[in-house]
Every structure is written in structure tokens, then in C-alpha cells.
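Coordinates as given in work36.cif (mmCIF, C-alpha atoms):
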```cif
data_protein
loop_
_atom_site.label_atom_id
_atom_site.label_comp_id
_atom_site.auth_asym_id
_atom_site.auth_seq_id
_atom_site.Cartn_x
_atom_site.Cartn_y
_atom_site.Cartn_z
CA MET A 580 0.00 0.00 0.00
CA ASP A 581 2.82 2.42 0.86
CA GLU A 582 4.44 1.80 -2.52
CA ALA A 583 1.13 2.38 -4.33
CA VAL A 584 0.67 5.71 -2.55
CA ARG A 585 4.26 6.68 -3.33
CA ARG A 586 3.76 5.86 -7.04
CA GLU A 587 0.55 7.89 -7.14
CA CYS A 588 2.24 10.89 -5.50
CA LEU A 589 5.15 10.74 -7.93
CA ALA A 590 2.80 10.52 -10.90
CA ALA A 591 0.96 13.65 -9.71
CA ARG A 592 4.18 15.56 -9.04
CA GLN A 593 6.04 14.51 -12.18
CA GLY A 594 3.27 13.90 -14.72
CA VAL A 595 -0.48 14.27 -14.44
CA ALA A 596 -3.15 12.96 -12.08
CA VAL A 597 -6.94 13.02 -12.24
CA MET A 598 -9.31 12.98 -9.28
CA ASP A 599 -13.08 12.91 -9.16
CA ALA A 600 -13.97 15.89 -6.96
CA SER A 601 -17.69 15.78 -7.70
CA THR A 602 -18.45 15.38 -4.01
CA LEU A 603 -17.64 19.06 -3.49
CA GLY A 604 -20.83 20.97 -2.79
CA LYS A 605 -21.99 23.40 -5.46
CA ILE A 606 -24.51 26.21 -4.97
CA ASP A 607 -25.79 28.47 -7.75
CA ILE A 608 -26.30 32.02 -6.45
CA GLN A 609 -28.14 34.58 -8.57
CA GLY A 610 -29.86 37.92 -8.17
CA SER A 611 -29.19 41.64 -8.29
CA ASP A 612 -27.85 41.56 -4.71
CA ALA A 613 -25.78 38.37 -5.04
CA ALA A 614 -22.41 40.14 -4.78
CA VAL A 615 -23.48 42.15 -1.72
CA PHE A 616 -24.78 38.95 -0.12
CA LEU A 617 -21.48 37.13 -0.68
CA ASP A 618 -19.59 40.08 0.81
CA ARG A 619 -21.65 39.57 3.96
CA ILE A 620 -21.34 35.77 4.01
CA TYR A 621 -17.60 35.43 3.38
CA THR A 622 -14.77 36.97 5.39
CA ASN A 623 -13.40 38.48 2.17
CA VAL A 624 -14.90 40.63 -0.60
CA PHE A 625 -16.63 39.18 -3.66
CA SER A 626 -18.30 42.27 -5.12
CA SER A 627 -14.94 43.30 -6.65
CA LEU A 628 -14.40 39.91 -8.30
CA PRO A 629 -14.39 40.33 -12.10
CA VAL A 630 -16.62 38.13 -14.26
CA GLY A 631 -14.68 35.04 -15.35
CA GLN A 632 -12.57 34.86 -12.22
CA CYS A 633 -12.64 32.76 -9.05
CA ARG A 634 -11.85 33.56 -5.44
CA TYR A 635 -11.25 31.42 -2.39
CA GLY A 636 -13.63 32.28 0.43
CA LEU A 637 -13.88 31.49 4.11
CA MET A 638 -17.16 31.57 6.04
CA CYS A 639 -17.33 32.03 9.80
CA LYS A 640 -20.31 31.63 12.08
CA ALA A 641 -21.33 34.50 14.37
CA ASP A 642 -18.87 33.28 17.02
CA GLY A 643 -15.93 33.59 14.59
CA ILE A 644 -15.42 29.83 14.22
CA VAL A 645 -14.82 28.64 10.64
CA PHE A 646 -18.03 27.23 9.16
CA ASP A 647 -17.01 26.30 5.61
CA ASP A 648 -14.74 27.30 2.75
CA GLY A 649 -14.48 26.95 -0.98
CA VAL A 650 -13.93 28.66 -4.29
CA THR A 651 -16.63 30.85 -5.82
CA THR A 652 -16.69 31.79 -9.49
CA ARG A 653 -18.35 34.88 -10.90
CA LEU A 654 -20.18 33.69 -14.01
CA SER A 655 -21.82 37.05 -14.80
CA GLU A 656 -22.58 40.34 -13.06
CA ASN A 657 -25.32 38.81 -10.87
CA HIS A 658 -24.50 35.09 -11.07
CA PHE A 659 -22.02 33.10 -8.98
CA LEU A 660 -21.18 29.43 -8.53
CA MET A 661 -20.06 28.59 -4.99
CA THR A 662 -18.26 25.41 -4.03
CA THR A 663 -18.37 24.08 -0.48
CA THR A 664 -16.60 21.33 1.37
CA THR A 665 -17.50 17.77 0.47
CA GLY A 666 -20.82 17.00 2.06
CA GLY A 667 -21.25 20.63 3.15
CA ALA A 668 -23.63 21.90 0.47
CA ALA A 669 -26.92 21.15 2.27
CA ARG A 670 -25.65 22.65 5.53
CA VAL A 671 -24.29 25.76 3.78
CA LEU A 672 -27.41 26.19 1.64
CA ALA A 673 -29.61 26.05 4.76
CA TRP A 674 -27.34 28.59 6.43
CA LEU A 675 -27.47 30.93 3.41
CA GLU A 676 -31.27 30.69 3.33
CA GLU A 677 -31.46 31.39 7.06
CA TRP A 678 -29.53 34.64 6.62
CA LEU A 679 -31.61 35.62 3.59
CA GLN A 680 -34.91 34.94 5.34
CA THR A 681 -34.18 36.26 8.84
CA GLU A 682 -31.53 38.98 8.55
CA TRP A 683 -31.57 40.28 4.98
CA PRO A 684 -35.02 39.54 3.49
CA ASP A 685 -34.73 42.70 1.36
CA LEU A 686 -31.87 41.23 -0.69
CA LYS A 687 -32.79 39.85 -4.10
CA VAL A 688 -30.78 36.61 -4.02
CA TYR A 689 -31.71 33.08 -5.08
CA CYS A 690 -29.66 30.07 -3.97
CA THR A 691 -30.01 26.64 -5.58
CA SER A 692 -28.10 23.45 -4.87
CA VAL A 693 -26.54 22.12 -8.07
CA THR A 694 -24.20 19.59 -6.43
CA GLU A 695 -25.81 16.65 -8.20
CA HIS A 696 -25.96 18.50 -11.53
CA ILE A 697 -22.27 19.31 -11.98
CA SER A 698 -19.38 16.87 -12.09
CA THR A 699 -15.97 18.11 -10.97
CA ILE A 700 -12.62 16.74 -12.02
CA ALA A 701 -9.32 17.90 -10.55
CA LEU A 702 -6.47 17.66 -13.04
CA VAL A 703 -3.04 18.26 -11.46
CA GLY A 704 0.63 17.96 -12.24
CA PRO A 705 3.18 19.56 -14.57
CA LYS A 706 1.76 17.76 -17.61
CA SER A 707 -1.88 18.69 -16.92
CA ARG A 708 -1.85 21.61 -19.38
CA GLN A 709 -0.57 19.32 -22.10
CA LEU A 710 -3.35 16.80 -21.49
CA LEU A 711 -6.01 19.52 -21.34
CA GLN A 712 -4.73 21.05 -24.57
CA GLU A 713 -5.23 17.71 -26.31
CA LEU A 714 -8.87 17.69 -25.15
CA VAL A 715 -9.69 21.36 -25.79
CA LYS A 716 -8.28 22.86 -28.98
CA ASP A 717 -9.79 26.38 -28.91
CA ILE A 718 -8.30 27.62 -25.60
CA ASP A 719 -4.70 28.59 -25.02
CA PHE A 720 -3.75 27.11 -21.62
CA SER A 721 -0.40 28.88 -21.32
CA LYS A 722 0.20 30.74 -18.04
CA ASP A 723 -0.15 34.14 -19.69
CA ALA A 724 -3.26 33.32 -21.74
CA PHE A 725 -5.05 31.50 -18.90
CA PRO A 726 -3.98 33.18 -15.65
CA PHE A 727 -4.31 31.71 -12.18
CA ILE A 728 -7.80 31.94 -10.65
CA HIS A 729 -9.56 32.43 -14.01
CA ASN A 730 -12.09 30.17 -15.71
CA ARG A 731 -13.31 29.54 -19.23
CA GLU A 732 -16.21 27.74 -20.87
CA ALA A 733 -15.29 25.06 -23.38
CA ARG A 734 -16.46 21.82 -24.96
CA ILE A 735 -14.90 18.39 -24.72
CA ASP A 736 -16.39 15.94 -27.24
CA ASP A 737 -19.41 18.23 -27.56
CA ILE A 738 -19.97 18.25 -23.78
CA PRO A 739 -20.06 21.74 -22.24
CA VAL A 740 -17.44 22.20 -19.50
CA ARG A 741 -16.12 24.99 -17.31
CA ILE A 742 -12.37 24.92 -16.79
CA ALA A 743 -10.97 26.79 -13.81
CA ARG A 744 -7.29 27.32 -13.07
CA ILE A 745 -7.27 27.15 -9.28
#
```

C-alpha cells encoding of this file:
Amino acid sequence: MDEAVRRECLAARQGVAVMDASTLGKIDIQGSDAAVFLDRIYTNVFSSLPVGQCRYGLMCKADGIVFDDGVTTRLSENHFLMTTTTGGAARVLAWLEEWLQTEWPDLKVYCTSVTEHISTIALVGPKSRQLLQELVKDIDFSKDAFPFIHNREARIDDIPVRIARI
């Protein structure tokens, strides 16, 4: 078992590795006040996040204890896709709804769980760009053309995908 783990680690560090990360929670957040809402929910600012970029966020409960974290992508001016910890989507969604219904009912924000609707694959390693370039021909995956913490829409074998460099 130790040797198998060692081989897997070396493959990821020297080549490319693929992991199914679909268990990450995913929440679709839309509405004219979505950015303001995220500024209030996270410990950092999301209203300044440009469309097409991602940002890591940390949520704390009222007592300051960490509640959840994840990466949120701004898909358009009033549309975000939030990821949560594995298994955390239902708990986070309930928490978001509680704030919207009890503290900020005036905000125009709509939250929908899409965890089961979106698959997530983590592709890592120094040869991951090369593999991705073989699958997607119309995007330049060089560091300058596809900067860190950006995302792009693409198609792989006619399947729509969102690729994020995180």
C-alpha cells in the first residue's frame, strides 16, 4: 500500500493525475444583490471579483469559528457558482437561506443546490496543461493566456465544460 501511494504521489508531481472531486458541494447564487450577499457571508470581498474569475472564500459563524470554505466563481454580473466542502452543500445552503430569510429579506438573491448536476474533475501535475490542450483545442492554456484563478467555458467531445485554473 505504501508503494502504491508513493507511485501515485510521484505521478501527480512529475506527470499528471486526475481525481473525481464531484463530491464538493456546489450552490448556484443569482440575483441583483448576489455580490453584496457574498460580501456579507464570506470573510473576504466578492463584489470586486471580475466576471470570469474565481476567489477562495472562508465563512465564519457569528462566534468567529470557521463554518465552511471553498472557491466561488463569478459567471456574470449577478450570477455566482459557490463550491463548499465535500458534504457541506446542504448545511451551507440552509445557512445561506437562514440569513436571507431572517436577517436580509430585502436582498434579491436566489440560492439553488446544483451539487448533483455538476461533475468536478481535478487535473493536477506539470503535464496537466498538455493533457487539457489535447482535449480542448480552442483555448490557449499557457500561463499568460489562462492566468491563475480564471475560468473559461469550453467543450470536450461536444460536452459543455467549465475549466478553472485554481

Closest-contact table, range 712-744 of chain A side, partner range 659-674 of chain A, 12 Å, counting only C-alpha atoms, as a tab-separated table:
```
residue	atom	partner	partner_atom	distance
A:Asn730	CA	A:Leu660	CA	11.6
A:Arg741	CA	A:Leu660	CA	11.1
A:Ala743	CA	A:Leu660	CA	11.8
```

Exercise for the section: Can you turn the PyMOL selection byres ((chain A and resi 591-606) around 7) into a concrete residue list for this file, as a PyMOL selection string? Expected result: chain A and resi 587-590+607-608+660-668+690-694+698-707

What does the file look like for those residues with C-alpha atoms, as a compact mmCIF listing (two decimals), keeping the file's coordinate frame?
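Generated output (result24.txt):
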```
# COMPACT_ATOMS: atom_id res chain seq x y z
CA GLU A 587 0.55 7.89 -7.14
CA CYS A 588 2.24 10.89 -5.50
CA LEU A 589 5.15 10.74 -7.93
CA ALA A 590 2.80 10.52 -10.90
CA ASP A 607 -25.79 28.47 -7.75
CA ILE A 608 -26.30 32.02 -6.45
CA LEU A 660 -21.18 29.43 -8.53
CA MET A 661 -20.06 28.59 -4.99
CA THR A 662 -18.26 25.41 -4.03
CA THR A 663 -18.37 24.08 -0.48
CA THR A 664 -16.60 21.33 1.37
CA THR A 665 -17.50 17.77 0.47
CA GLY A 666 -20.82 17.00 2.06
CA GLY A 667 -21.25 20.63 3.15
CA ALA A 668 -23.63 21.90 0.47
CA CYS A 690 -29.66 30.07 -3.97
CA THR A 691 -30.01 26.64 -5.58
CA SER A 692 -28.10 23.45 -4.87
CA VAL A 693 -26.54 22.12 -8.07
CA THR A 694 -24.20 19.59 -6.43
CA SER A 698 -19.38 16.87 -12.09
CA THR A 699 -15.97 18.11 -10.97
CA ILE A 700 -12.62 16.74 -12.02
CA ALA A 701 -9.32 17.90 -10.55
CA LEU A 702 -6.47 17.66 -13.04
CA VAL A 703 -3.04 18.26 -11.46
CA GLY A 704 0.63 17.96 -12.24
CA PRO A 705 3.18 19.56 -14.57
CA LYS A 706 1.76 17.76 -17.61
CA SER A 707 -1.88 18.69 -16.92
```

Resolved residues for the PyMOL selection byres ((chain A and resi 629-634) around 12) as a PDB file with C-alpha atoms, keeping the file's coordinate frame:
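File written: selection-v5.pdb
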```pdb
ATOM      1  CA  ALA A 614     -22.410  40.140  -4.780  1.00  0.00           C
ATOM      2  CA  LEU A 617     -21.480  37.130  -0.680  1.00  0.00           C
ATOM      3  CA  ASP A 618     -19.590  40.080   0.810  1.00  0.00           C
ATOM      4  CA  TYR A 621     -17.600  35.430   3.380  1.00  0.00           C
ATOM      5  CA  THR A 622     -14.770  36.970   5.390  1.00  0.00           C
ATOM      6  CA  ASN A 623     -13.400  38.480   2.170  1.00  0.00           C
ATOM      7  CA  VAL A 624     -14.900  40.630  -0.600  1.00  0.00           C
ATOM      8  CA  PHE A 625     -16.630  39.180  -3.660  1.00  0.00           C
ATOM      9  CA  SER A 626     -18.300  42.270  -5.120  1.00  0.00           C
ATOM     10  CA  SER A 627     -14.940  43.300  -6.650  1.00  0.00           C
ATOM     11  CA  LEU A 628     -14.400  39.910  -8.300  1.00  0.00           C
ATOM     12  CA  TYR A 635     -11.250  31.420  -2.390  1.00  0.00           C
ATOM     13  CA  GLY A 636     -13.630  32.280   0.430  1.00  0.00           C
ATOM     14  CA  LEU A 637     -13.880  31.490   4.110  1.00  0.00           C
ATOM     15  CA  ASP A 648     -14.740  27.300   2.750  1.00  0.00           C
ATOM     16  CA  GLY A 649     -14.480  26.950  -0.980  1.00  0.00           C
ATOM     17  CA  VAL A 650     -13.930  28.660  -4.290  1.00  0.00           C
ATOM     18  CA  THR A 651     -16.630  30.850  -5.820  1.00  0.00           C
ATOM     19  CA  THR A 652     -16.690  31.790  -9.490  1.00  0.00           C
ATOM     20  CA  ARG A 653     -18.350  34.880 -10.900  1.00  0.00           C
ATOM     21  CA  LEU A 654     -20.180  33.690 -14.010  1.00  0.00           C
ATOM     22  CA  SER A 655     -21.820  37.050 -14.800  1.00  0.00           C
ATOM     23  CA  GLU A 656     -22.580  40.340 -13.060  1.00  0.00           C
ATOM     24  CA  ASN A 657     -25.320  38.810 -10.870  1.00  0.00           C
ATOM     25  CA  HIS A 658     -24.500  35.090 -11.070  1.00  0.00           C
ATOM     26  CA  PHE A 659     -22.020  33.100  -8.980  1.00  0.00           C
ATOM     27  CA  LEU A 660     -21.180  29.430  -8.530  1.00  0.00           C
ATOM     28  CA  MET A 661     -20.060  28.590  -4.990  1.00  0.00           C
ATOM     29  CA  THR A 662     -18.260  25.410  -4.030  1.00  0.00           C
ATOM     30  CA  PHE A 725      -5.050  31.500 -18.900  1.00  0.00           C
ATOM     31  CA  PRO A 726      -3.980  33.180 -15.650  1.00  0.00           C
ATOM     32  CA  PHE A 727      -4.310  31.710 -12.180  1.00  0.00           C
ATOM     33  CA  ILE A 728      -7.800  31.940 -10.650  1.00  0.00           C
ATOM     34  CA  HIS A 729      -9.560  32.430 -14.010  1.00  0.00           C
ATOM     35  CA  ASN A 730     -12.090  30.170 -15.710  1.00  0.00           C
ATOM     36  CA  ARG A 731     -13.310  29.540 -19.230  1.00  0.00           C
ATOM     37  CA  GLU A 732     -16.210  27.740 -20.870  1.00  0.00           C
ATOM     38  CA  ARG A 741     -16.120  24.990 -17.310  1.00  0.00           C
ATOM     39  CA  ILE A 742     -12.370  24.920 -16.790  1.00  0.00           C
ATOM     40  CA  ALA A 743     -10.970  26.790 -13.810  1.00  0.00           C
ATOM     41  CA  ARG A 744      -7.290  27.320 -13.070  1.00  0.00           C
ATOM     42  CA  ILE A 745      -7.270  27.150  -9.280  1.00  0.00           C
TER      43      ILE A 745
END
```

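Straight-line separation from CA of Lys640 in chain A to CA of Pro684 in chain A: 18.8 Å.
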
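The coordinates place CA of Gly643 in chain A at 19.3 Å from CA of Leu679 in chain A.
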
Expressed in Å, the length from CA of Arg734 in chain A to CA of Leu714 in chain A is 8.6 Å

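Here the question is which of A:Ile620, A:Ile718, A:Ile738, A:Ile644 gets nearest to Glu676 in chain A using only C-alpha atoms, and that residue is A:Ile620.
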
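The nearest approach to Val688 in chain A among the residues A:Met638, A:Ala613, A:Val740, A:Leu710, with all atoms listed in the file taken into account, belongs to A:Ala613.
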
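Among the candidates A:Asp612, A:Asp685, A:Asp642, A:Glu713, the one nearest to Asp736 in chain A when counting all atoms listed in the file is A:Glu713.
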